[in-house]
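Listing of target_23.txt; format and content: compact mmCIF, C-alpha atoms and all ligand atoms.
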```
# COMPACT_ATOMS: atom_id res chain seq x y z
CA MET F 13 -1.18 -17.62 80.75
CA LYS F 14 -2.76 -18.85 77.49
CA VAL F 15 -2.62 -22.32 75.92
CA ALA F 16 -0.22 -21.01 73.28
CA ASP F 17 2.22 -20.13 76.09
CA ILE F 18 2.44 -23.78 77.14
CA LYS F 19 5.57 -25.14 75.48
CA ASN F 20 7.25 -27.01 78.33
CA VAL F 21 5.53 -29.81 80.17
CA ALA F 22 6.80 -31.76 83.16
CA GLY F 23 5.70 -35.33 83.75
CA ILE F 24 6.15 -36.46 87.35
CA GLY F 25 6.32 -40.26 87.50
CA GLY F 26 6.86 -42.18 84.27
CA GLY F 27 5.02 -45.47 84.87
CA VAL F 28 2.04 -46.82 82.90
CA ILE F 29 0.25 -43.47 82.89
CA GLY F 30 3.10 -40.94 83.17
CA GLY F 31 5.05 -42.56 80.33
CA SER F 32 1.97 -42.54 78.13
CA TRP F 33 1.25 -38.88 78.90
CA ALA F 34 4.87 -38.10 77.95
CA VAL F 35 4.35 -39.80 74.57
CA LEU F 36 1.21 -37.72 73.95
CA PHE F 37 2.82 -34.41 74.96
CA ALA F 38 5.88 -35.08 72.79
CA MET F 39 3.75 -36.28 69.83
CA LYS F 40 2.00 -32.94 69.95
CA GLY F 41 5.30 -31.03 69.70
CA LEU F 42 5.77 -30.04 73.34
CA ASN F 43 9.09 -30.20 75.21
CA VAL F 44 8.75 -32.78 77.94
CA LYS F 45 10.83 -33.33 81.03
CA LEU F 46 10.00 -36.64 82.61
CA TYR F 47 10.91 -37.05 86.27
CA ASP F 48 11.25 -40.39 88.04
CA ILE F 49 12.80 -41.36 91.35
CA ASN F 50 15.94 -43.12 90.12
CA ASP F 51 17.86 -44.11 87.01
CA ASP F 52 16.49 -47.66 86.97
CA CYS F 53 12.93 -46.33 86.90
CA LEU F 54 13.85 -43.85 84.17
CA ALA F 55 15.47 -46.63 82.10
CA ASN F 56 12.25 -48.65 82.35
CA ASP F 57 10.14 -45.60 81.53
CA LYS F 58 12.26 -44.95 78.44
CA LYS F 59 12.03 -48.57 77.27
CA THR F 60 8.23 -48.48 77.39
CA ILE F 61 8.10 -45.07 75.70
CA VAL F 62 10.36 -46.29 72.87
CA SER F 63 8.23 -49.38 72.34
CA ASN F 64 5.04 -47.26 72.31
CA LEU F 65 6.61 -44.93 69.74
CA GLU F 66 7.71 -47.86 67.56
CA PHE F 67 4.17 -49.24 67.68
CA LEU F 68 2.68 -45.84 66.77
CA ALA F 69 5.10 -45.45 63.86
CA GLU F 70 4.43 -48.99 62.56
CA ASN F 71 0.70 -48.24 62.60
CA GLY F 72 0.91 -44.92 60.83
CA ALA F 73 0.01 -42.77 63.86
CA ILE F 74 3.32 -40.85 63.88
CA GLU F 75 5.87 -40.17 61.18
CA ASP F 76 9.16 -39.57 62.95
CA LYS F 77 9.48 -41.51 66.20
CA ASP F 78 13.04 -40.32 66.80
CA ALA F 79 11.96 -36.67 66.61
CA VAL F 80 9.19 -37.39 69.14
CA LEU F 81 11.61 -39.18 71.49
CA ALA F 82 14.12 -36.34 71.18
CA ARG F 83 11.54 -33.99 72.70
CA ILE F 84 11.51 -36.02 75.94
CA GLN F 85 14.27 -35.41 78.49
CA PHE F 86 14.62 -37.83 81.39
CA THR F 87 15.65 -36.59 84.80
CA THR F 88 15.83 -37.59 88.47
CA SER F 89 15.93 -33.91 89.50
CA MET F 90 12.54 -32.47 90.41
CA GLU F 91 13.97 -28.96 90.12
CA GLU F 92 15.19 -29.64 86.59
CA ALA F 93 11.85 -31.21 85.64
CA VAL F 94 9.55 -28.41 86.74
CA LYS F 95 11.56 -25.18 86.87
CA ASP F 96 10.64 -24.09 83.30
CA ALA F 97 7.32 -25.91 83.02
CA GLN F 98 4.04 -24.20 82.27
CA PHE F 99 2.05 -27.42 82.76
CA ILE F 100 2.86 -30.26 85.17
CA GLN F 101 1.17 -33.65 84.96
CA GLU F 102 1.72 -35.66 88.14
CA SER F 103 1.35 -39.44 87.67
CA GLY F 104 2.98 -40.89 90.76
CA PRO F 105 1.69 -43.80 92.85
CA GLU F 106 -1.87 -43.55 94.16
CA ARG F 107 -0.92 -43.15 97.83
CA LEU F 108 -1.80 -39.98 99.73
CA PRO F 109 1.54 -39.46 101.56
CA ILE F 110 3.38 -39.84 98.24
CA LYS F 111 1.00 -37.46 96.46
CA HIS F 112 1.55 -34.95 99.31
CA SER F 113 5.34 -35.17 99.15
CA MET F 114 5.37 -34.99 95.33
CA LEU F 115 3.19 -31.90 95.33
CA ALA F 116 5.36 -30.24 98.01
CA GLU F 117 8.46 -30.93 95.89
CA ILE F 118 6.77 -29.68 92.74
CA GLU F 119 5.71 -26.46 94.48
CA LYS F 120 9.23 -25.90 95.78
CA TYR F 121 10.61 -25.50 92.25
CA ALA F 122 7.74 -24.83 89.82
CA PRO F 123 6.88 -21.35 88.51
CA VAL F 124 4.01 -20.01 90.58
CA ASP F 125 1.62 -19.86 87.62
CA ALA F 126 2.32 -23.37 86.29
CA ILE F 127 -0.77 -25.56 86.22
CA VAL F 128 -0.42 -28.73 88.30
CA ALA F 129 -2.66 -31.58 87.18
CA THR F 130 -2.82 -34.94 88.91
CA SER F 131 -3.70 -38.18 87.13
CA ALA F 132 -5.07 -39.60 90.42
CA SER F 133 -7.93 -42.01 89.85
CA GLY F 134 -9.26 -42.48 93.37
CA LEU F 135 -7.86 -39.98 95.86
CA PRO F 136 -9.98 -36.82 95.98
CA LEU F 137 -8.24 -33.69 94.70
CA GLY F 138 -9.17 -31.87 97.93
CA GLN F 139 -7.09 -34.38 99.93
CA ILE F 140 -4.16 -34.38 97.52
CA THR F 141 -3.99 -30.57 97.66
CA GLU F 142 -4.83 -30.08 101.36
CA HIS F 143 -1.32 -28.77 102.13
CA ALA F 144 -0.77 -27.04 98.78
CA VAL F 145 0.69 -23.55 98.88
CA HIS F 146 -1.09 -22.69 95.62
CA PRO F 147 -4.22 -24.85 95.46
CA GLU F 148 -5.69 -22.37 92.97
CA ARG F 149 -3.52 -23.87 90.19
CA CYS F 150 -4.22 -27.52 91.02
CA VAL F 151 -6.66 -29.62 88.98
CA GLY F 152 -7.37 -33.28 88.49
CA GLY F 153 -6.58 -34.46 84.97
CA HIS F 154 -7.75 -38.06 85.05
CA PRO F 155 -6.91 -39.94 81.86
CA TYR F 156 -8.26 -43.16 80.55
CA ASN F 157 -5.49 -45.67 79.94
CA PRO F 158 -3.47 -45.28 77.72
CA PRO F 159 -3.63 -41.46 77.63
CA HIS F 160 -1.69 -41.26 74.34
CA LEU F 161 -4.48 -43.20 72.62
CA ILE F 162 -7.74 -42.73 74.52
CA PRO F 163 -9.04 -39.18 74.09
CA LEU F 164 -11.02 -38.81 77.32
CA VAL F 165 -9.72 -36.76 80.23
CA GLU F 166 -11.89 -35.99 83.24
CA ILE F 167 -11.01 -32.68 84.91
CA THR F 168 -11.76 -32.11 88.57
CA LYS F 169 -11.39 -29.04 90.75
CA THR F 170 -11.79 -28.01 94.38
CA GLU F 171 -13.45 -24.89 95.75
CA LYS F 172 -9.94 -23.41 95.90
CA THR F 173 -9.13 -24.02 92.22
CA ASP F 174 -9.22 -20.86 90.13
CA GLU F 175 -11.86 -21.30 87.39
CA ALA F 176 -9.49 -19.63 84.91
CA ASN F 177 -7.00 -22.45 85.55
CA VAL F 178 -9.71 -25.07 85.06
CA GLU F 179 -10.58 -23.49 81.73
CA LEU F 180 -6.89 -23.29 80.78
CA ALA F 181 -6.34 -26.97 81.62
CA LYS F 182 -9.40 -27.90 79.55
CA GLU F 183 -8.25 -25.84 76.56
CA PHE F 184 -4.76 -27.25 76.89
CA TYR F 185 -5.94 -30.86 76.85
CA GLU F 186 -8.26 -30.08 73.94
CA SER F 187 -5.35 -28.55 72.02
CA LEU F 188 -3.73 -32.00 72.25
CA GLY F 189 -6.82 -33.63 70.72
CA LYS F 190 -8.22 -34.81 74.05
CA GLU F 191 -11.93 -34.79 74.80
CA ALA F 192 -12.02 -33.02 78.17
CA ILE F 193 -14.95 -32.97 80.57
CA VAL F 194 -14.95 -30.76 83.68
CA LEU F 195 -16.86 -32.48 86.48
CA LYS F 196 -19.30 -30.06 88.07
CA LYS F 197 -18.91 -31.65 91.51
CA ASP F 198 -16.91 -34.28 93.40
CA CYS F 199 -17.85 -37.82 92.40
CA PRO F 200 -16.00 -41.04 93.36
CA GLY F 201 -14.93 -42.88 90.21
CA TYR F 202 -15.63 -39.73 88.17
CA ILE F 203 -17.87 -40.50 85.16
CA CYS F 204 -16.24 -43.29 83.20
CA ASN F 205 -15.27 -45.72 85.92
CA ARG F 206 -18.86 -45.58 87.13
CA LEU F 207 -20.29 -46.18 83.65
CA GLN F 208 -18.10 -49.18 83.00
CA LEU F 209 -18.69 -50.64 86.47
CA ALA F 210 -22.46 -50.30 86.01
CA VAL F 211 -22.27 -52.27 82.76
CA PHE F 212 -19.83 -54.77 84.25
CA ARG F 213 -22.08 -55.41 87.27
CA GLU F 214 -24.88 -56.39 84.90
CA MET F 215 -22.51 -58.62 82.88
CA VAL F 216 -21.44 -60.42 86.05
CA ASP F 217 -25.06 -60.76 87.09
CA LEU F 218 -26.09 -62.26 83.75
CA VAL F 219 -23.32 -64.86 84.03
CA GLU F 220 -24.21 -65.58 87.66
CA ARG F 221 -27.90 -66.02 86.71
CA GLY F 222 -26.82 -68.52 84.05
CA VAL F 223 -28.20 -66.45 81.17
CA CYS F 224 -24.90 -66.45 79.27
CA THR F 225 -21.21 -67.27 79.57
CA VAL F 226 -18.39 -64.78 80.13
CA GLU F 227 -17.53 -65.07 76.43
CA GLU F 228 -21.13 -64.49 75.33
CA ALA F 229 -21.51 -61.47 77.62
CA ASP F 230 -18.38 -59.92 76.04
CA LYS F 231 -19.58 -60.80 72.53
CA ALA F 232 -23.01 -59.24 73.18
CA LEU F 233 -21.37 -56.05 74.41
CA THR F 234 -18.74 -55.77 71.67
CA PHE F 235 -20.98 -56.55 68.71
CA GLY F 236 -24.07 -54.85 70.13
CA PRO F 237 -23.98 -51.63 72.14
CA ALA F 238 -20.21 -51.07 72.26
CA ILE F 239 -19.75 -50.90 68.50
CA ARG F 240 -22.33 -48.08 68.45
CA TRP F 241 -20.87 -46.50 71.59
CA ALA F 242 -17.55 -46.14 69.76
CA ILE F 243 -19.39 -43.64 67.54
CA PHE F 244 -21.98 -41.95 69.79
CA GLY F 245 -22.89 -41.93 73.47
CA HIS F 246 -25.98 -43.74 74.66
CA ASN F 247 -28.16 -40.62 74.85
CA MET F 248 -27.59 -40.02 71.14
CA ILE F 249 -28.13 -43.70 70.37
CA MET F 250 -31.50 -43.44 72.15
CA GLN F 251 -32.30 -40.28 70.18
CA LEU F 252 -31.74 -42.19 66.94
CA GLY F 253 -33.74 -45.20 68.11
CA ASN F 254 -37.21 -43.66 68.11
CA LYS F 255 -39.10 -41.38 65.74
CA ASP F 256 -39.79 -39.08 68.69
CA GLY F 257 -36.15 -39.14 69.74
CA LEU F 258 -34.83 -39.52 73.26
CA LYS F 259 -38.13 -38.43 74.79
CA GLY F 260 -40.00 -41.03 72.71
CA MET F 261 -37.56 -43.71 73.81
CA MET F 262 -38.01 -42.73 77.49
CA ASP F 263 -41.81 -42.87 77.12
CA MET F 264 -41.52 -46.27 75.49
CA LEU F 265 -39.31 -47.62 78.29
CA ALA F 266 -41.54 -46.13 81.00
CA GLY F 267 -44.66 -47.60 79.40
CA GLY F 268 -43.39 -51.14 78.91
CA PHE F 269 -42.04 -53.90 81.15
CA ASN F 270 -40.07 -52.21 83.94
CA LEU F 271 -36.65 -53.68 83.17
CA CYS F 272 -35.02 -51.20 85.57
CA ALA F 273 -36.50 -53.17 88.45
CA ASP F 274 -34.77 -56.35 87.27
CA ILE F 275 -31.30 -54.89 86.66
CA ALA F 276 -28.52 -55.99 89.04
CA ALA F 277 -28.39 -53.85 92.18
CA TRP F 278 -25.99 -55.77 94.45
CA ASP F 279 -23.33 -53.66 96.15
CA THR F 280 -20.46 -56.10 96.68
CA ILE F 281 -18.62 -58.11 94.04
CA PRO F 282 -19.63 -61.81 94.30
CA ALA F 283 -16.79 -63.49 96.21
CA ASP F 284 -16.01 -66.37 93.85
CA TYR F 285 -16.80 -64.71 90.51
CA GLY F 286 -13.15 -63.78 89.84
CA THR F 287 -11.92 -67.37 90.18
CA LYS F 288 -14.74 -68.82 88.04
CA ALA F 289 -14.54 -66.14 85.36
CA GLN F 290 -10.73 -66.38 85.15
CA LYS F 291 -10.93 -70.11 84.32
CA GLU F 292 -13.30 -69.34 81.46
CA MET F 293 -11.15 -66.40 80.35
CA ASP F 294 -8.03 -68.62 80.19
CA GLU F 295 -9.92 -70.98 77.84
CA ILE F 296 -11.21 -68.06 75.74
CA MET F 297 -7.68 -66.75 75.31
CA LYS F 298 -6.33 -70.18 74.31
CA ASN F 299 -8.96 -70.40 71.56
CA LEU F 300 -8.64 -66.92 70.08
CA PRO F 301 -7.50 -66.68 66.44
CA ASP F 302 -3.69 -66.41 66.20
CA GLU F 303 -4.18 -63.02 64.53
CA VAL F 304 -5.67 -61.68 67.80
CA GLY F 305 -3.12 -63.43 70.03
CA HIS F 306 -3.16 -65.60 73.14
CA THR F 307 -1.29 -63.62 75.81
CA ASN F 308 -2.21 -60.32 77.48
CA ALA F 309 0.62 -58.55 75.62
CA GLU F 310 -0.45 -59.93 72.20
CA ILE F 311 -4.13 -59.20 72.72
CA ALA F 312 -3.40 -55.70 74.06
CA GLN F 313 -1.41 -55.00 70.91
CA TYR F 314 -4.31 -56.19 68.74
CA ARG F 315 -6.66 -53.94 70.79
CA ASP F 316 -4.37 -50.93 70.31
CA LYS F 317 -4.13 -51.51 66.54
CA MET F 318 -7.93 -51.53 66.36
CA LEU F 319 -8.01 -48.44 68.59
CA ILE F 320 -5.79 -46.54 66.17
CA ASP F 321 -8.16 -47.44 63.30
CA ILE F 322 -11.16 -46.24 65.31
CA LEU F 323 -9.32 -43.06 66.32
CA LYS F 324 -8.49 -42.43 62.65
CA LEU F 325 -12.23 -42.64 61.87
CA HIS F 326 -12.76 -40.02 64.59
CA HIS F 327 -10.02 -37.88 62.94
CA LYS F 328 -7.91 -38.16 66.09
CA PHE F 329 -4.82 -39.15 64.10
N1 LIG Z 1 -3.07 -47.44 85.47
C1 LIG Z 1 -4.23 -46.93 85.12
O1 LIG Z 1 -5.04 -47.53 84.41
C2 LIG Z 1 -4.60 -45.52 85.56
C3 LIG Z 1 -5.62 -44.83 84.87
C4 LIG Z 1 -5.91 -43.52 85.23
C5 LIG Z 1 -5.21 -42.91 86.27
N2 LIG Z 1 -4.24 -43.61 86.95
C6 LIG Z 1 -3.51 -42.92 88.01
O2 LIG Z 1 -2.25 -42.51 87.51
C7 LIG Z 1 -1.29 -42.51 88.58
C8 LIG Z 1 -0.11 -43.38 88.19
O3 LIG Z 1 -0.57 -44.70 88.00
P1 LIG Z 1 0.29 -45.77 87.18
O4 LIG Z 1 -0.64 -46.88 86.85
O5 LIG Z 1 1.03 -45.10 86.08
O6 LIG Z 1 1.33 -46.25 88.30
P2 LIG Z 1 2.78 -46.85 88.08
O7 LIG Z 1 3.09 -47.58 89.32
O8 LIG Z 1 2.87 -47.54 86.77
O9 LIG Z 1 3.69 -45.54 87.98
C9 LIG Z 1 4.03 -44.75 89.07
C10 LIG Z 1 5.31 -44.01 88.73
O10 LIG Z 1 5.63 -43.12 89.80
C11 LIG Z 1 7.00 -43.30 90.13
N3 LIG Z 1 7.19 -42.92 91.53
C12 LIG Z 1 7.27 -43.69 92.61
N4 LIG Z 1 7.44 -42.95 93.72
C13 LIG Z 1 7.48 -41.68 93.30
C14 LIG Z 1 7.68 -40.46 93.96
N5 LIG Z 1 7.84 -40.39 95.27
N6 LIG Z 1 7.72 -39.34 93.22
C15 LIG Z 1 7.52 -39.40 91.88
N7 LIG Z 1 7.33 -40.53 91.20
C16 LIG Z 1 7.32 -41.66 91.91
C17 LIG Z 1 7.29 -44.74 89.86
O11 LIG Z 1 8.70 -44.96 89.70
C18 LIG Z 1 6.51 -44.95 88.57
O12 LIG Z 1 7.24 -44.52 87.43
C19 LIG Z 1 -2.02 -42.99 89.82
O13 LIG Z 1 -2.47 -41.87 90.55
C20 LIG Z 1 -3.19 -43.76 89.24
O14 LIG Z 1 -4.30 -43.81 90.11
C21 LIG Z 1 -3.90 -44.90 86.61
```
Structure encoded using structure tokens:
Amino acid sequence: MKVADIKNVAGIGGGVIGGSWAVLFAMKGLNVKLYDINDDCLANDKKTIVSNLEFLAENGAIEDKDAVLARIQFTTSMEEAVKDAQFIQESGPERLPIKHSMLAEIEKYAPVDAIVATSASGLPLGQITEHAVHPERCVGGHPYNPPHLIPLVEITKTEKTDEANVELAKEFYESLGKEAIVLKKDCPGYICNRLQLAVFREMVDLVERGVCTVEEADKALTFGPAIRWAIFGHNMIMQLGNKDGLKGMMDMLAGGFNLCADIAAWDTIPADYGTKAQKEMDEIMKNLPDEVGHTNAEIAQYRDKMLIDILKLHHKF
């Protein structure tokens, strides 16, 4: 199979992630069949999808939201969802017995050469596919939320996955405008969750040491490194930061004060940090400009509007 042969996609599970994948697939002109366990779930899935499409249309990311929605069929029949699919994106709950039973159901009805990708964020692919009849077509396709906006997808494989299927999954995601990275080996948290946790640990540590507040730590990140990171990764930023490039920057760091030795290294989240930080966060949210909003829903919408502008700069819309 080639990427051009992929016309029909099945989404298994239409929650936060599955519904967002369905939006992306349909935006890119694919026929989508979205499976969920009952009509109530499907009705919820559809409501969220419609509101995402309205938001995308209002912000100039899609032209015809009705045409996009018309490409998504909703079904409670697994057979109907996967029987004609060339690519299947499983986004069910992150529980191993459920992943096992979903995969068994998918394999009962899916064409034997359909790629099966799981959105799983924690369970290793090897465990999810341990009873698979065709593990050679199974990959991890871990998105970053929401998949219809954030380009990154981390692809994982097992020793039983056929490399041709890994390559096909990568090309397929790239054909949708995703930035796909194939992990060379198993790694808990993949790449991105580790990167953000490493930064977050240091932010927590700075607040706990009394160097800055929660608000100041966020401000330092947003208006310092993160605004550059939205353009280039940190290796490239280092390259640009020294006349001798990345190597020069490494030499400079190695030769100066050894900051690495002072960076947070604790391995459990401080017990009371959540409670303390939440109090401060509640105050921060109260005092935000009205334009940004004061509730999670309002602020998330502001974030997504900004995301679309950044994605436009990256020619992703
Ligand atoms: N939420 C995130 O930020 C995020 C990010 C990346 C990956 N993921 C992964 O994506 C997957 C889905 O996460 P989510 O946040 O969308 O969860 P969710 O709870 O929002 O959605 C799960 C969906 O699966 C459906 N479902 C329940 N039982 C099912 C079954 N037996 N068969 C098929 N569908 C079933 C539910 O009705 C629901 O629509 C998980 O594996 C999660 O780890 C989540």
Next on the checklist: Please list as a PyMOL selection string every residue within 9 Å of Glu292 (chain F), counting all atoms listed in the file and excluding residues in the same chain fewer than 3 positions away.
Outcome noted: chain F and resi 225-227+288-289+295-297
Find the nearest atom pair between each residue of chain F and ligand LIG 1 (chain Z) for residues within 8 Å, count only C-alpha atoms and all ligand atoms, give distances in Å to one decimal, sort rows by chain and ascending number, and present the table as a tab-separated table.
```
residue	atom	partner	partner_atom	distance
F:Ile24	CA	Z:LIG1	C15	5.6
F:Gly25	CA	Z:LIG1	O10	3.7
F:Gly26	CA	Z:LIG1	O12	4.0
F:Gly27	CA	Z:LIG1	O9	3.4
F:Val28	CA	Z:LIG1	O5	3.8
F:Ile29	CA	Z:LIG1	O5	3.7
F:Gly30	CA	Z:LIG1	O5	5.5
F:Gly31	CA	Z:LIG1	O5	7.5
F:Tyr47	CA	Z:LIG1	C15	7.0
F:Asp48	CA	Z:LIG1	N7	5.0
F:Ile49	CA	Z:LIG1	C16	5.5
F:Asn50	CA	Z:LIG1	O11	7.5
F:Cys53	CA	Z:LIG1	O11	5.3
F:Leu54	CA	Z:LIG1	O12	7.4
F:Asp57	CA	Z:LIG1	O12	6.7
F:Glu102	CA	Z:LIG1	C7	7.5
F:Ser103	CA	Z:LIG1	C7	4.2
F:Gly104	CA	Z:LIG1	O10	3.6
F:Pro105	CA	Z:LIG1	C9	4.5
F:Glu106	CA	Z:LIG1	O13	4.0
F:Arg107	CA	Z:LIG1	O13	7.6
F:Ile110	CA	Z:LIG1	N5	5.4
F:Lys111	CA	Z:LIG1	N5	7.5
F:Ser113	CA	Z:LIG1	N5	7.0
F:Met114	CA	Z:LIG1	N6	5.4
F:Thr130	CA	Z:LIG1	O13	7.1
F:Ser131	CA	Z:LIG1	O2	4.6
F:Ala132	CA	Z:LIG1	O13	3.5
F:Ser133	CA	Z:LIG1	O14	4.1
F:Gly134	CA	Z:LIG1	O14	6.1
F:Leu135	CA	Z:LIG1	O14	7.8
F:His154	CA	Z:LIG1	C5	5.6
F:Pro155	CA	Z:LIG1	C4	5.0
F:Tyr156	CA	Z:LIG1	C4	5.2
F:Asn157	CA	Z:LIG1	O1	4.9
F:Pro158	CA	Z:LIG1	O1	7.2
```
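With distances restricted to only C-alpha atoms, F:Glu214 is the closest residue to Asp230 (chain F) from F:Phe244, F:Glu214, F:Ala82, F:Asp279.
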Next on the checklist: What's the separation between CA of Gln313 (chain F) and CA of Ala38 (chain F), in Å to one decimal place?
Outcome noted: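 CA of Ala38 (chain F) lies 21.3 Å from CA of Gln313 (chain F).
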Checklist entry - Expressed in Å to a single decimal, how great is the separation between CA of Phe184 (chain F) and CA of Ile18 (chain F)? => result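 CA of Ile18 (chain F) lies 8.0 Å from CA of Phe184 (chain F).
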Next on the checklist: When you count all atoms listed in the file, which of these residues is closest to Val124 (chain F): F:Met13, F:Ile162, F:Thr287, F:Val151?
Outcome noted: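 Using all atoms listed in the file, Val124 (chain F) sits closest to F:Met13.
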Checklist entry - So which one's closest to Trp241 (chain F), F:Ile322, F:Asn43, F:Leu258, F:Ala93? Using all atoms listed in the file, please. => result F:Ile322
Item to check | One-decimal distance in Å that lies between CA of Ser89 (chain F) and CA of Glu183 (chain F) | outcome: 28.6 Å
Next on the checklist: Give me, as a ChimeraX atom specification, all polymer residues having an atom no more than 9 Å from region 72-78 of chain F, counting all atoms listed in the file and skipping those fewer than 3 positions away in the same chain.
Outcome noted: /F:39,62,65-69,81-83,320,324,329
Item to check | Exercise: Val128 (chain F) partners within 7 Å, only C-alpha atoms, chain neighbours under 3 positions left out, as a PyMOL selection string | outcome: chain F and resi 99-101+149-151
Padding 8 Å on every side, please: axis-aligned box over the listed atoms of region 260-276 of chain F, centre and edge lengths to one decimal in Å, as JSON.
```
{"center_x": -36.6, "center_y": -48.7, "center_z": 80.9, "size_x": 32.1, "size_y": 31.3, "size_z": 32.3}
```
Checklist entry - Contacts of Ala176 (chain F) at 12 Å or less, counting all atoms listed in the file, minus same-chain residues fewer than 2 places along, as a PyMOL selection string? => result chain F and resi 13-15+125+127+148-151+169+172-174+178-183
Next on the checklist: Nearest residue to Tyr121 (chain F) out of F:Glu91, F:Glu228, F:Met261, F:Pro147, using only C-alpha atoms?
Outcome noted: F:Glu91
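Here the question is which of F:Val44, F:Val216, F:Leu209, F:Leu161 gets nearest to Lys317 (chain F) using all atoms listed in the file, and that residue is F:Leu161.
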Just save region 265-277 of chain F with C-alpha atoms, as a PDB file, in the first residue's frame.
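Result file is result-v8.pdb:
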```pdb
ATOM      1  CA  LEU F 265      28.936  26.022  29.077  1.00  0.00           C
ATOM      2  CA  ALA F 266      31.569  23.407  29.953  1.00  0.00           C
ATOM      3  CA  GLY F 267      34.149  26.095  30.730  1.00  0.00           C
ATOM      4  CA  GLY F 268      31.985  28.280  32.955  1.00  0.00           C
ATOM      5  CA  PHE F 269      30.047  27.818  36.195  1.00  0.00           C
ATOM      6  CA  ASN F 270      28.674  24.254  36.177  1.00  0.00           C
ATOM      7  CA  LEU F 271      24.974  25.092  36.211  1.00  0.00           C
ATOM      8  CA  CYS F 272      24.115  21.456  35.413  1.00  0.00           C
ATOM      9  CA  ALA F 273      25.139  20.547  38.943  1.00  0.00           C
ATOM     10  CA  ASP F 274      22.601  22.990  40.391  1.00  0.00           C
ATOM     11  CA  ILE F 275      19.607  22.017  38.233  1.00  0.00           C
ATOM     12  CA  ALA F 276      16.724  20.233  40.001  1.00  0.00           C
ATOM     13  CA  ALA F 277      17.258  16.474  40.188  1.00  0.00           C
TER      14      ALA F 277
END
```
